[in-house]
file upload_5.tsv (TSV, C-alpha atoms)
chain	number	residue	atom	x	y	z
A	1419	MET	CA	-16.10	-34.75	13.73
A	1420	ASP	CA	-17.79	-35.70	10.44
A	1421	PHE	CA	-15.30	-37.85	8.51
A	1422	ASN	CA	-16.56	-38.65	5.01
A	1423	VAL	CA	-14.47	-41.53	3.68
A	1424	LYS	CA	-16.14	-41.50	0.26
A	1425	LYS	CA	-15.44	-37.81	-0.27
A	1426	LEU	CA	-11.86	-38.26	0.88
A	1427	ALA	CA	-11.36	-41.14	-1.55
A	1428	SER	CA	-12.98	-39.18	-4.38
A	1429	ASP	CA	-10.76	-36.11	-3.75
A	1430	ALA	CA	-7.69	-38.34	-3.63
A	1431	GLY	CA	-8.67	-39.92	-6.94
A	1432	VAL	CA	-9.16	-36.51	-8.58
A	1433	PHE	CA	-5.81	-35.31	-7.25
A	1434	PHE	CA	-4.05	-38.41	-8.55
A	1435	THR	CA	-5.68	-38.11	-11.98
A	1436	ARG	CA	-4.66	-34.46	-12.24
A	1437	ALA	CA	-1.11	-35.31	-11.17
A	1438	VAL	CA	-0.89	-37.96	-13.90
A	1439	GLN	CA	-2.22	-35.53	-16.51
A	1440	PHE	CA	0.20	-32.80	-15.40
A	1441	THR	CA	3.16	-35.19	-15.51
A	1442	GLU	CA	2.27	-36.48	-18.96
A	1443	GLU	CA	1.97	-32.89	-20.22
A	1444	LYS	CA	5.43	-32.08	-18.91
A	1445	LEU	CA	6.80	-35.19	-20.59
A	1446	GLY	CA	5.04	-34.36	-23.86
A	1447	GLN	CA	2.86	-37.47	-23.70
A	1448	ALA	CA	-0.48	-35.66	-23.40
A	1449	GLU	CA	-2.13	-32.71	-25.10
A	1450	LYS	CA	-2.53	-29.44	-23.21
A	1451	THR	CA	-5.27	-26.87	-23.70
A	1452	GLU	CA	-3.65	-23.49	-24.25
A	1453	LEU	CA	-5.16	-20.30	-22.84
A	1454	ASP	CA	-6.07	-17.53	-25.26
A	1455	ALA	CA	-3.39	-14.92	-25.97
A	1456	HIS	CA	-5.19	-12.11	-24.12
A	1457	LEU	CA	-5.46	-14.14	-20.93
A	1458	GLU	CA	-1.81	-15.21	-21.19
A	1459	ASN	CA	-0.76	-11.56	-21.51
A	1460	LEU	CA	-2.83	-10.64	-18.48
A	1461	ILE	CA	-1.21	-13.42	-16.46
A	1462	THR	CA	2.29	-12.33	-17.51
A	1463	ARG	CA	1.50	-8.73	-16.61
A	1464	ALA	CA	0.07	-9.74	-13.24
A	1465	ASP	CA	3.13	-11.85	-12.41
A	1466	GLY	CA	5.39	-8.92	-13.26
A	1467	THR	CA	3.30	-6.58	-11.08
A	1468	LYS	CA	3.51	-8.96	-8.15
A	1469	ASN	CA	7.26	-9.54	-8.45
A	1470	TRP	CA	8.18	-5.87	-8.81
A	1471	THR	CA	5.78	-4.80	-6.07
A	1472	GLU	CA	7.50	-7.22	-3.69
A	1473	LYS	CA	10.93	-5.87	-4.62
A	1474	ILE	CA	9.87	-2.21	-4.34
A	1475	LEU	CA	8.16	-2.84	-1.00
A	1476	ARG	CA	11.14	-4.70	0.42
A	1477	GLN	CA	13.68	-2.12	-0.74
A	1478	THR	CA	11.56	0.81	0.47
A	1479	GLU	CA	11.42	-0.77	3.91
A	1480	VAL	CA	15.21	-1.14	3.84
A	1481	LEU	CA	15.55	2.51	2.76
A	1482	LEU	CA	13.36	3.77	5.59
A	1483	GLN	CA	14.79	1.32	8.16
A	1484	PRO	CA	18.37	0.56	7.05
A	1485	ASN	CA	19.39	-1.56	10.06
A	1486	PRO	CA	18.23	-5.16	9.33
A	1487	ILE	CA	17.98	-5.97	13.06
A	1488	ASP	CA	15.90	-2.89	13.82
A	1489	HIS	CA	13.84	-3.49	10.68
A	1490	THR	CA	13.06	-7.09	11.69
A	1491	GLY	CA	12.27	-6.12	15.26
A	1492	ALA	CA	10.00	-3.30	14.13
A	1493	ARG	CA	8.12	-5.60	11.77
A	1494	ILE	CA	7.67	-8.21	14.52
A	1495	GLU	CA	6.44	-5.56	16.94
A	1496	GLU	CA	4.06	-4.19	14.30
A	1497	PHE	CA	2.73	-7.72	13.63
A	1498	ILE	CA	2.12	-8.40	17.33
A	1499	TYR	CA	0.29	-5.12	17.94
A	1500	ASP	CA	-1.77	-5.69	14.79
A	1501	LYS	CA	-2.86	-9.14	15.99
A	1502	LEU	CA	-3.70	-7.73	19.43
A	1503	ASP	CA	-5.68	-4.92	17.73
A	1504	LYS	CA	-3.73	-2.29	19.64
A	1505	LYS	CA	-2.12	0.95	18.52
A	1506	LEU	CA	1.60	0.73	17.89
A	1507	PRO	CA	3.50	3.01	20.32
A	1508	SER	CA	5.50	5.85	18.83
A	1509	ARG	CA	9.23	5.16	18.62
A	1510	GLY	CA	11.93	7.82	18.61
A	1511	THR	CA	14.31	8.02	15.69
A	1512	ASN	CA	18.07	7.68	15.93
A	1513	ALA	CA	18.51	11.42	15.36
A	1514	GLU	CA	16.12	12.21	18.22
A	1515	LEU	CA	17.99	9.82	20.48
A	1516	LEU	CA	21.31	11.43	19.50
A	1517	GLY	CA	19.90	14.88	20.23
A	1518	GLN	CA	18.70	13.75	23.65
A	1519	TYR	CA	22.15	12.36	24.47
A	1520	MET	CA	23.76	15.67	23.46
A	1521	LEU	CA	21.41	17.65	25.71
A	1522	GLU	CA	22.11	15.37	28.65
A	1523	ALA	CA	25.85	15.63	28.02
A	1524	ALA	CA	25.57	19.43	27.89
A	1525	ASN	CA	23.89	19.48	31.29
A	1526	GLU	CA	26.72	17.43	32.74
A	1527	PHE	CA	29.55	19.44	31.13
A	1528	GLY	CA	27.86	22.74	31.89
A	1529	PRO	CA	25.50	24.58	29.52
A	1530	GLY	CA	27.47	27.79	30.08
A	1531	THR	CA	30.67	26.41	28.59
A	1532	PRO	CA	31.41	26.74	24.85
A	1533	TYR	CA	31.30	22.96	24.40
A	1534	GLY	CA	28.12	22.56	26.44
A	1535	SER	CA	26.26	25.34	24.68
A	1536	THR	CA	27.29	23.96	21.27
A	1537	LEU	CA	26.04	20.53	22.32
A	1538	ILE	CA	22.70	22.12	23.17
A	1539	THR	CA	22.54	23.84	19.79
A	1540	VAL	CA	23.42	20.76	17.75
A	1541	GLY	CA	21.26	18.51	19.97
A	1542	GLU	CA	18.17	20.63	19.41
A	1543	TYR	CA	18.64	20.52	15.66
A	1544	GLN	CA	19.23	16.77	15.75
A	1545	LYS	CA	15.89	16.37	17.50
A	1546	ARG	CA	14.22	18.48	14.83
A	1547	LEU	CA	15.81	16.36	12.11
A	1548	GLY	CA	14.61	13.24	13.93
A	1549	SER	CA	11.10	14.64	14.18
A	1550	ALA	CA	11.07	15.31	10.43
A	1551	GLU	CA	12.34	11.77	9.81
A	1552	ARG	CA	9.60	10.29	12.00
A	1553	GLU	CA	7.00	12.21	10.02
A	1554	LEU	CA	8.50	10.85	6.79
A	1555	LEU	CA	8.36	7.28	8.13
A	1556	HIS	CA	4.73	7.70	9.21
A	1557	THR	CA	3.63	9.30	5.95
A	1558	SER	CA	5.47	6.75	3.81
A	1559	ALA	CA	4.04	3.82	5.74
A	1560	THR	CA	0.49	5.18	5.46
A	1561	THR	CA	0.46	6.40	1.87
A	1562	PHE	CA	2.89	4.02	0.16
A	1563	LEU	CA	3.91	0.86	2.03
A	1564	THR	CA	0.45	-0.04	3.31
A	1565	PRO	CA	-1.25	0.02	-0.14
A	1566	LEU	CA	1.53	-2.13	-1.62
A	1567	ARG	CA	1.32	-4.60	1.26
A	1568	ASN	CA	-2.49	-4.70	1.01
A	1569	PHE	CA	-2.22	-5.63	-2.67
A	1570	LEU	CA	0.17	-8.50	-1.98
A	1571	GLU	CA	-1.75	-9.80	1.04
A	1572	GLY	CA	-5.24	-9.22	-0.34
A	1573	ASP	CA	-5.84	-8.84	-4.07
A	1574	TRP	CA	-2.92	-11.02	-5.12
A	1575	ARG	CA	-3.99	-13.89	-2.86
A	1576	THR	CA	-7.44	-13.80	-4.45
A	1577	ILE	CA	-5.93	-13.76	-7.94
A	1578	SER	CA	-3.61	-16.68	-7.07
A	1579	LYS	CA	-6.51	-18.70	-5.70
A	1580	GLU	CA	-8.58	-18.21	-8.86
A	1581	ARG	CA	-5.59	-19.04	-11.05
A	1582	ARG	CA	-5.11	-22.32	-9.20
A	1583	LEU	CA	-8.78	-23.12	-9.77
A	1584	LEU	CA	-8.37	-22.28	-13.45
A	1585	GLU	CA	-5.38	-24.62	-13.71
A	1586	ASN	CA	-7.40	-27.42	-12.07
A	1587	ARG	CA	-10.30	-26.82	-14.47
A	1588	ARG	CA	-7.88	-26.97	-17.39
A	1589	LEU	CA	-6.44	-30.28	-16.18
A	1590	ASP	CA	-9.97	-31.67	-15.77
A	1591	LEU	CA	-10.82	-30.51	-19.29
A	1592	ASP	CA	-7.74	-32.18	-20.78
A	1593	ILE	CA	-8.47	-35.37	-18.80
A	1594	CYS	CA	-11.97	-35.46	-20.30
A	1595	LYS	CA	-10.57	-34.85	-23.77
A	1596	ALA	CA	-8.11	-37.73	-23.36
A	1597	ARG	CA	-10.86	-40.00	-21.99
A	1598	LEU	CA	-13.16	-39.23	-24.91
A	1599	LYS	CA	-10.36	-39.82	-27.37
A	1600	LYS	CA	-9.60	-43.26	-25.88
A	1601	ALA	CA	-13.30	-44.20	-25.85
A	1602	LYS	CA	-13.70	-43.30	-29.53
A	1603	GLN	CA	-10.56	-45.19	-30.45
A	1604	ALA	CA	-11.83	-48.31	-28.65
A	1605	GLU	CA	-15.23	-48.02	-30.36
A	1606	ALA	CA	-13.64	-47.61	-33.79
A	1607	LYS	CA	-11.34	-50.56	-33.21
A	1608	ALA	CA	-14.23	-52.80	-32.17
A	1609	ALA	CA	-16.26	-51.80	-35.21
A	1610	ALA	CA	-13.36	-52.36	-37.62
A	1611	ALA	CA	-12.25	-55.81	-36.30
A	1612	PRO	CA	-15.17	-57.84	-34.82
A	1613	ASP	CA	-14.04	-60.91	-32.81
A	1614	PHE	CA	-17.04	-63.16	-33.48
A	1615	GLN	CA	-18.40	-65.53	-36.12
A	1616	GLU	CA	-21.77	-64.62	-37.59
A	1617	THR	CA	-22.74	-68.31	-37.62
A	1618	ARG	CA	-22.52	-68.44	-33.84
A	1619	PRO	CA	-25.45	-66.46	-32.33
A	1620	ARG	CA	-23.96	-66.46	-28.82
A	1621	ASN	CA	-20.82	-64.59	-29.93
A	1622	TYR	CA	-22.93	-62.18	-31.93
A	1623	VAL	CA	-25.00	-61.27	-28.85
A	1624	LEU	CA	-21.87	-60.77	-26.76
A	1625	SER	CA	-20.27	-58.54	-29.37
A	1626	ALA	CA	-23.41	-56.43	-29.74
A	1627	SER	CA	-23.50	-55.96	-25.96
A	1628	ALA	CA	-19.83	-54.86	-25.93
A	1629	SER	CA	-20.50	-52.42	-28.77
A	1630	ALA	CA	-23.39	-50.92	-26.82
A	1631	LEU	CA	-21.17	-50.50	-23.78
A	1632	LEU	CA	-18.50	-48.76	-25.84
A	1633	SER	CA	-21.08	-46.44	-27.37
A	1634	GLU	CA	-22.42	-45.65	-23.91
A	1635	GLU	CA	-18.88	-44.93	-22.73
A	1636	VAL	CA	-18.41	-42.48	-25.59
A	1637	ASP	CA	-21.66	-40.68	-24.74
A	1638	LYS	CA	-20.64	-40.43	-21.09
A	1639	ALA	CA	-17.22	-39.05	-22.01
A	1640	GLU	CA	-18.80	-36.46	-24.33
A	1641	HIS	CA	-21.13	-35.33	-21.53
A	1642	GLU	CA	-18.26	-35.01	-19.06
A	1643	LEU	CA	-16.29	-33.03	-21.65
A	1644	ARG	CA	-19.15	-30.56	-22.13
A	1645	VAL	CA	-19.44	-30.06	-18.36
A	1646	ALA	CA	-15.68	-29.63	-17.99
A	1647	GLN	CA	-15.58	-27.15	-20.88
A	1648	THR	CA	-18.37	-25.08	-19.30
A	1649	GLU	CA	-16.62	-24.97	-15.92
A	1650	PHE	CA	-13.31	-24.08	-17.56
A	1651	ASP	CA	-14.86	-21.23	-19.57
A	1652	ARG	CA	-16.61	-19.87	-16.47
A	1653	GLN	CA	-13.41	-19.96	-14.40
A	1654	ALA	CA	-11.40	-18.39	-17.23
A	1655	GLU	CA	-13.85	-15.46	-17.30
A	1656	VAL	CA	-13.61	-14.97	-13.53
A	1657	THR	CA	-9.82	-15.04	-13.69
A	1658	ARG	CA	-9.76	-12.65	-16.63
A	1659	LEU	CA	-11.88	-10.07	-14.78
A	1660	LEU	CA	-9.58	-10.23	-11.76
A	1661	LEU	CA	-6.46	-9.90	-13.89
A	1662	GLU	CA	-7.88	-6.91	-15.75
A	1663	GLY	CA	-8.20	-5.24	-12.33
A	1664	ILE	CA	-4.38	-4.97	-12.30
A	1665	SER	CA	-4.80	-1.76	-14.33
A	1666	SER	CA	-6.70	-0.21	-11.42
A	1667	THR	CA	-3.95	-1.43	-9.10
A	1668	HIS	CA	-1.37	0.38	-11.22
A	1669	LEU	CA	-3.37	3.62	-11.01
A	1670	ASN	CA	-3.65	3.29	-7.24
A	1671	HIS	CA	0.06	2.60	-6.89
A	1672	LEU	CA	0.78	5.60	-9.13
A	1673	ARG	CA	-1.07	7.90	-6.72
A	1674	CYS	CA	0.77	6.32	-3.80
A	1675	LEU	CA	4.08	6.87	-5.57
A	1676	HIS	CA	3.31	10.57	-6.00
A	1677	ASP	CA	2.49	10.82	-2.29
A	1678	PHE	CA	5.74	9.07	-1.39
A	1679	ALA	CA	7.82	11.39	-3.57
A	1680	GLU	CA	6.04	14.42	-2.09
A	1681	ALA	CA	6.78	13.18	1.44
A	1682	GLN	CA	10.45	12.74	0.55
A	1683	ALA	CA	10.65	16.21	-1.02
A	1684	THR	CA	9.14	17.79	2.09
A	1685	TYR	CA	11.50	15.87	4.36
A	1686	TYR	CA	14.67	16.78	2.46
A	1687	ALA	CA	13.59	20.42	2.18
A	1688	GLN	CA	13.09	20.53	5.96
A	1689	CYS	CA	16.47	18.88	6.56
A	1690	HIS	CA	18.19	21.33	4.22
A	1691	HIS	CA	16.59	24.28	5.99
A	1692	TYR	CA	17.48	22.95	9.44
A	1693	MET	CA	21.11	22.35	8.47
A	1694	GLN	CA	21.44	25.83	7.01
A	1695	ASP	CA	20.10	27.29	10.24
A	1696	LEU	CA	22.45	25.08	12.24
A	1697	GLN	CA	25.44	26.30	10.24
A	1698	ARG	CA	24.47	29.92	10.92
A	1699	GLU	CA	24.10	29.16	14.60
A	1700	LEU	CA	27.53	27.52	14.72
A	1701	ASN	CA	29.13	30.44	12.84
A	1702	ARG	CA	27.55	32.84	15.30
A	1703	CYS	CA	28.83	30.65	18.12
A	1704	ALA	CA	32.38	30.77	16.74
A	1705	ASN	CA	32.23	34.56	16.36
A	1706	ALA	CA	30.90	34.93	19.90
A	1707	VAL	CA	33.68	32.76	21.34
A	1708	SER	CA	36.41	34.70	19.49
A	1709	ALA	CA	34.98	38.13	20.24
A	1710	PRO	CA	37.49	40.28	22.19
A	1711	LEU	CA	34.78	41.87	24.32
A	1712	SER	CA	33.95	38.61	26.07
A	1713	SER	CA	36.50	35.91	26.71
A	1714	ALA	CA	33.79	33.76	28.31
A	1715	ALA	CA	31.20	34.20	25.57
A	1716	VAL	CA	29.16	31.12	24.64
A	1717	CYS	CA	26.80	30.08	21.86
A	1718	PRO	CA	23.31	31.53	22.12
A	1719	ASP	CA	20.49	29.25	23.16
A	1720	PRO	CA	19.02	27.68	19.97
A	1721	ILE	CA	15.50	28.06	21.30
A	1722	SER	CA	15.78	31.80	21.94
A	1723	SER	CA	18.11	32.59	19.03
A	1724	ALA	CA	15.15	32.49	16.63
A	1725	PHE	CA	17.13	31.29	13.60
A	1726	LEU	CA	18.99	34.49	12.79
A	1727	SER	CA	20.20	34.51	9.22
A	1728	GLY	CA	23.93	35.17	9.47
A	1729	PRO	CA	26.96	36.27	11.47
A	1730	PRO	CA	26.84	39.61	13.31
A	1731	SER	CA	27.67	42.79	11.44
A	1732	PRO	CA	31.05	44.42	12.01
A	1733	GLY	CA	29.45	47.16	14.05
A	1734	ALA	CA	27.59	44.85	16.42
A	1735	THR	CA	28.76	44.34	20.00
A	1736	VAL	CA	28.52	41.35	22.32
A	1737	SER	CA	27.76	41.78	26.01
A	1738	SER	CA	29.69	39.99	28.74
A	1739	SER	CA	26.67	37.84	29.57
A	1740	GLY	CA	26.73	36.14	26.13
A	1741	GLN	CA	23.85	38.07	24.63
A	1742	ARG	CA	23.32	37.97	20.84
A	1743	PRO	CA	24.55	40.91	18.76
A	1744	SER	CA	21.84	43.36	17.88
A	1745	THR	CA	20.46	43.09	14.34
A	1746	LEU	CA	18.65	45.50	12.09
A	1747	THR	CA	15.09	44.70	11.01
A	1748	MET	CA	14.11	44.71	7.35
A	1749	GLU	CA	12.35	48.04	7.77
A	1750	GLN	CA	15.53	49.63	9.17
A	1751	SER	CA	17.86	48.40	6.42
A	1752	GLN	CA	17.64	50.65	3.38
A	1753	LEU	CA	20.00	48.78	1.00
A	1754	PRO	CA	19.57	49.15	-2.77
A	1755	VAL	CA	17.41	46.63	-4.55
A	1756	THR	CA	19.13	44.59	-7.29
A	1757	GLY	CA	16.01	43.31	-9.10
A	1758	THR	CA	12.51	41.99	-8.35
A	1759	ARG	CA	10.61	38.95	-9.59
A	1760	LYS	CA	7.63	36.84	-8.63
A	1761	ALA	CA	7.95	33.59	-6.64
A	1762	LYS	CA	5.54	30.83	-5.69
A	1763	VAL	CA	5.69	29.53	-2.11
A	1764	LEU	CA	6.18	25.74	-1.96
A	1765	TYR	CA	5.69	25.11	1.78
A	1766	ASP	CA	4.33	26.91	4.80
A	1767	TYR	CA	6.98	28.85	6.73
A	1768	ASP	CA	6.69	30.52	10.14
A	1769	ALA	CA	8.86	33.57	10.71
A	1770	HIS	CA	11.29	33.13	13.58
A	1771	ASP	CA	11.81	36.82	14.31
A	1772	ALA	CA	10.73	40.28	13.19
A	1773	SER	CA	13.18	40.32	10.29
A	1774	GLU	CA	11.50	37.34	8.54
A	1775	LEU	CA	8.22	37.00	6.66
A	1776	SER	CA	5.79	34.14	7.29
A	1777	LEU	CA	4.68	32.22	4.19
A	1778	LEU	CA	1.72	30.13	3.12
A	1779	ALA	CA	2.00	27.36	0.55
A	1780	ASP	CA	0.92	28.22	-3.03
A	1781	GLU	CA	0.78	31.99	-2.50
A	1782	LEU	CA	2.64	34.40	-4.81
A	1783	ILE	CA	5.02	37.01	-3.43
A	1784	THR	CA	7.54	39.49	-4.81
A	1785	VAL	CA	11.18	38.77	-3.99
A	1786	TYR	CA	14.50	40.50	-4.53
A	1787	THR	CA	17.98	40.51	-3.10
A	1788	VAL	CA	20.28	43.20	-1.77
A	1789	PRO	CA	24.08	43.44	-1.94
A	1790	GLY	CA	25.88	41.46	0.73
A	1791	MET	CA	22.81	39.38	1.64
A	1792	ASP	CA	23.09	35.66	2.47
A	1793	PRO	CA	22.52	33.81	-0.86
A	1794	ASP	CA	20.20	31.35	0.90
A	1795	TRP	CA	17.74	34.15	1.67
A	1796	LEU	CA	15.75	36.72	-0.29
A	1797	VAL	CA	13.70	39.74	0.68
A	1798	GLY	CA	10.02	38.98	0.22
A	1799	GLU	CA	7.11	41.43	-0.07
A	1800	ARG	CA	3.41	40.72	0.24
A	1801	GLY	CA	1.33	43.86	0.22
A	1802	ASN	CA	2.63	46.08	3.02
A	1803	GLU	CA	4.51	43.20	4.67
A	1804	LYS	CA	8.20	42.68	4.04
A	1805	GLY	CA	10.85	40.34	5.45
A	1806	LYS	CA	13.49	37.73	4.75
A	1807	VAL	CA	12.36	34.41	3.26
A	1808	PRO	CA	14.38	31.20	2.66
A	1809	VAL	CA	15.10	30.38	-0.98
A	1810	THR	CA	14.42	26.65	-0.46
A	1811	TYR	CA	10.75	27.40	0.23
A	1812	LEU	CA	10.26	29.24	-3.07
A	1813	GLU	CA	9.87	28.49	-6.76
A	1814	LEU	CA	11.15	31.50	-8.68
A	1815	LEU	CA	8.97	32.44	-11.64
A	1816	SER	CA	10.11	34.11	-14.85

call {"tool": "encode", "arguments": {"input": "upload_5.tsv", "output": "structure tokens"}}
result
Amino acid sequence: MDFNVKKLASDAGVFFTRAVQFTEEKLGQAEKTELDAHLENLITRADGTKNWTEKILRQTEVLLQPNPIDHTGARIEEFIYDKLDKKLPSRGTNAELLGQYMLEAANEFGPGTPYGSTLITVGEYQKRLGSAERELLHTSATTFLTPLRNFLEGDWRTISKERRLLENRRLDLDICKARLKKAKQAEAKAAAAPDFQETRPRNYVLSASASALLSEEVDKAEHELRVAQTEFDRQAEVTRLLLEGISSTHLNHLRCLHDFAEAQATYYAQCHHYMQDLQRELNRCANAVSAPLSSAAVCPDPISSAFLSGPPSPGATVSSSGQRPSTLTMEQSQLPVTGTRKAKVLYDYDAHDASELSLLADELITVYTVPGMDPDWLVGERGNEKGKVPVTYLELLS
């Protein structure tokens, strides 16, 4: 190991000198070089960006992972897998786990019982909600949390390092200014009050030698000041360029914020749609249980029920085996139209049965309603195709 004692002593001396200068500035006993107003504004703006980015990142993590214990454990697990350069295994959400428990309970209680079949229905929808939540967590982490964390752990560390260098260069500059000031004061004092007698040549020679030394000290201090000023100006320019890059950071975070809001909108729209379907399933289940034609009727299987839009019609019948009431397709129902208008499709939608119409995001369709129809649904037409469409997937146009 190469241990350079001279370099260590020199670094220690520089550190001590800077500490003295810093302390005297705080006590008001030394002059301090102020940064230009533009650079000060950039520094203030950068500090604000860093502080608010930390708060937004921390609170977003709490929002997506409310349980502090689970949040801490997930972060530790993520850190370990990142250091091992391995892919983080997929974790199930709480809703998915709840849905799995409900399905297992239904198997134990009997899927043919009213309680067991309802557990199956609700459990399946809980798993779908959990799957949507997992997609939100993944999208948010990729498009929003990761860019914020990269800024704090990458760009901000570089900015902080250059700012520390700038502060050291400023201290060195002020030290050189103070040294030059003292050297000039000593030279002026010696010139104004000589301590020799002109009749004594020996004292004259000694005084001339001291004056030369003081003049040399002033020249040396002026040279050190010029060097320190050059290094300070160079470091100030480097720091300024990095701080001006905060504007690009804001633009990047703006795009990430849009992506995060879009992910949330998609997630809540999916949850709303799932819960509406679940309510219809539960209403159908209650009607099936109370139907006089089947005292042992149970809820239909949520997988095969295909998201029917409402309770059975008064004329529908229920078989003794728990089959779903028959429904009319859109082509068979000839109810009067109350009014048509255009609508823009917000999200893709796959029809669950022959009465519904599949949708593609951003396409335009014609929609209208009919008397007695579920208010959460409209009749949609696209060319020769017609079927029910969910209102939450549409933006009605004037």

call {"tool": "closest_residue", "arguments": {"input": "upload_5.tsv", "among": "A:Asn1586, A:Thr1435, A:Asn1802, A:Thr1810", "to": "Ala1761 of chain A", "atoms": "all atoms listed in the file"}}
result
A:Thr1810

call {"tool": "atom_distance", "arguments": {"input": "upload_5.tsv", "atom1": "atom CA of Cys1594 of chain A", "atom2": "atom CA of Phe1440 of chain A"}}
result
13.4 Å

call {"tool": "residues_around", "arguments": {"input": "upload_5.tsv", "residues": "segment 1780-1787 of chain A", "least_positions_apart": "3", "cutoff": "10 Å", "atoms": "all atoms listed in the file", "output": "number ranges by chain"}}
result
A: 1753-1766, 1777, 1790-1793, 1795-1801, 1804-1807, 1809, 1812-1815

call {"tool": "closest_residue", "arguments": {"input": "upload_5.tsv", "among": "A:Ile1664, A:Met1520, A:Ile1593, A:Leu1675", "to": "Leu1563 of chain A", "atoms": "all atoms listed in the file"}}
result
A:Leu1675

call {"tool": "residues_near_point", "arguments": {"input": "upload_5.tsv", "point": "(0.8, 12.4, 3.8)", "cutoff": "7 Å", "atoms": "all atoms listed in the file", "output": "MDAnalysis selection string"}}
result
chainID A and resid 1557 1561 1677 1681

call {"tool": "atom_distance", "arguments": {"input": "upload_5.tsv", "atom1": "atom CA of Arg1476 of chain A", "atom2": "atom CA of Glu1662 of chain A"}}
result
25.1 Å

call {"tool": "atom_distance", "arguments": {"input": "upload_5.tsv", "atom1": "atom CA of Ile1577 of chain A", "atom2": "atom CA of Ala1654 of chain A"}}
result
11.7 Å

call {"tool": "residues_around", "arguments": {"input": "upload_5.tsv", "residues": "His1668 of chain A", "least_positions_apart": "5", "cutoff": "12 Å", "atoms": "all atoms listed in the file", "output": "list of chain:residue names"}}
result
A:Arg1463, A:Ala1464, A:Gly1466, A:Thr1467, A:Lys1468, A:Trp1470, A:Thr1471, A:Pro1565, A:Leu1566, A:Phe1569, A:Leu1661, A:Glu1662, A:Gly1663, A:Arg1673, A:Cys1674, A:Leu1675

call {"tool": "residues_around", "arguments": {"input": "upload_5.tsv", "residues": "Ala1513 of chain A", "least_positions_apart": "2", "cutoff": "9 Å", "atoms": "all atoms listed in the file", "output": "PDB file with C-alpha atoms, in the coordinates of the input"}}
result
ATOM      1  CA  GLY A1510      11.930   7.820  18.610  1.00  0.00           C
ATOM      2  CA  THR A1511      14.310   8.020  15.690  1.00  0.00           C
ATOM      3  CA  LEU A1515      17.990   9.820  20.480  1.00  0.00           C
ATOM      4  CA  LEU A1516      21.310  11.430  19.500  1.00  0.00           C
ATOM      5  CA  GLY A1517      19.900  14.880  20.230  1.00  0.00           C
ATOM      6  CA  GLN A1518      18.700  13.750  23.650  1.00  0.00           C
ATOM      7  CA  GLY A1541      21.260  18.510  19.970  1.00  0.00           C
ATOM      8  CA  GLN A1544      19.230  16.770  15.750  1.00  0.00           C
ATOM      9  CA  LYS A1545      15.890  16.370  17.500  1.00  0.00           C
ATOM     10  CA  ARG A1546      14.220  18.480  14.830  1.00  0.00           C
ATOM     11  CA  LEU A1547      15.810  16.360  12.110  1.00  0.00           C
ATOM     12  CA  GLY A1548      14.610  13.240  13.930  1.00  0.00           C
ATOM     13  CA  SER A1549      11.100  14.640  14.180  1.00  0.00           C
ATOM     14  CA  GLU A1551      12.340  11.770   9.810  1.00  0.00           C
TER      15      GLU A1551
END

call {"tool": "residues_around", "arguments": {"input": "upload_5.tsv", "residues": "Leu1584 of chain A", "least_positions_apart": "2", "cutoff": "7 Å", "atoms": "only C-alpha atoms", "output": "list in words"}}
result
Glu1580, Arg1581, Arg1582, Asn1586, Arg1587, Arg1588, Phe1650, Gln1653 and Ala1654 of chain A

call {"tool": "residues_around", "arguments": {"input": "upload_5.tsv", "residues": "Leu1632 of chain A", "least_positions_apart": "4", "cutoff": "9 Å", "atoms": "only C-alpha atoms", "output": "NGL selection string"}}
result
:A and (1601-1602 or 1604-1605 or 1608 or 1627-1628 or 1636-1637)

call {"tool": "write_last_selection", "arguments": {"input": "upload_5.tsv", "atoms": "C-alpha atoms", "output": "compact mmCIF listing (two decimals), in the coordinates of the input"}}
result
# COMPACT_ATOMS: atom_id res chain seq x y z
CA ALA A 1601 -13.30 -44.20 -25.85
CA LYS A 1602 -13.70 -43.30 -29.53
CA ALA A 1604 -11.83 -48.31 -28.65
CA GLU A 1605 -15.23 -48.02 -30.36
CA ALA A 1608 -14.23 -52.80 -32.17
CA SER A 1627 -23.50 -55.96 -25.96
CA ALA A 1628 -19.83 -54.86 -25.93
CA VAL A 1636 -18.41 -42.48 -25.59
CA ASP A 1637 -21.66 -40.68 -24.74

call {"tool": "closest_residue", "arguments": {"input": "upload_5.tsv", "among": "A:Arg1702, A:Leu1778, A:Leu1659, A:Gln1682", "to": "Ile1461 of chain A", "atoms": "all atoms listed in the file"}}
result
A:Leu1659

call {"tool": "closest_residue", "arguments": {"input": "upload_5.tsv", "among": "A:Ser1578, A:Leu1537, A:Leu1598, A:Tyr1685", "to": "Asp1465 of chain A", "atoms": "only C-alpha atoms"}}
result
A:Ser1578

call {"tool": "closest_residue", "arguments": {"input": "upload_5.tsv", "among": "A:Thr1539, A:Ser1776, A:Leu1475, A:Arg1552", "to": "Arg1509 of chain A", "atoms": "all atoms listed in the file"}}
result
A:Arg1552

call {"tool": "closest_residue", "arguments": {"input": "upload_5.tsv", "among": "A:Glu1699, A:Glu1803, A:Glu1642, A:Asp1771", "to": "Val1540 of chain A", "atoms": "all atoms listed in the file"}}
result
A:Glu1699
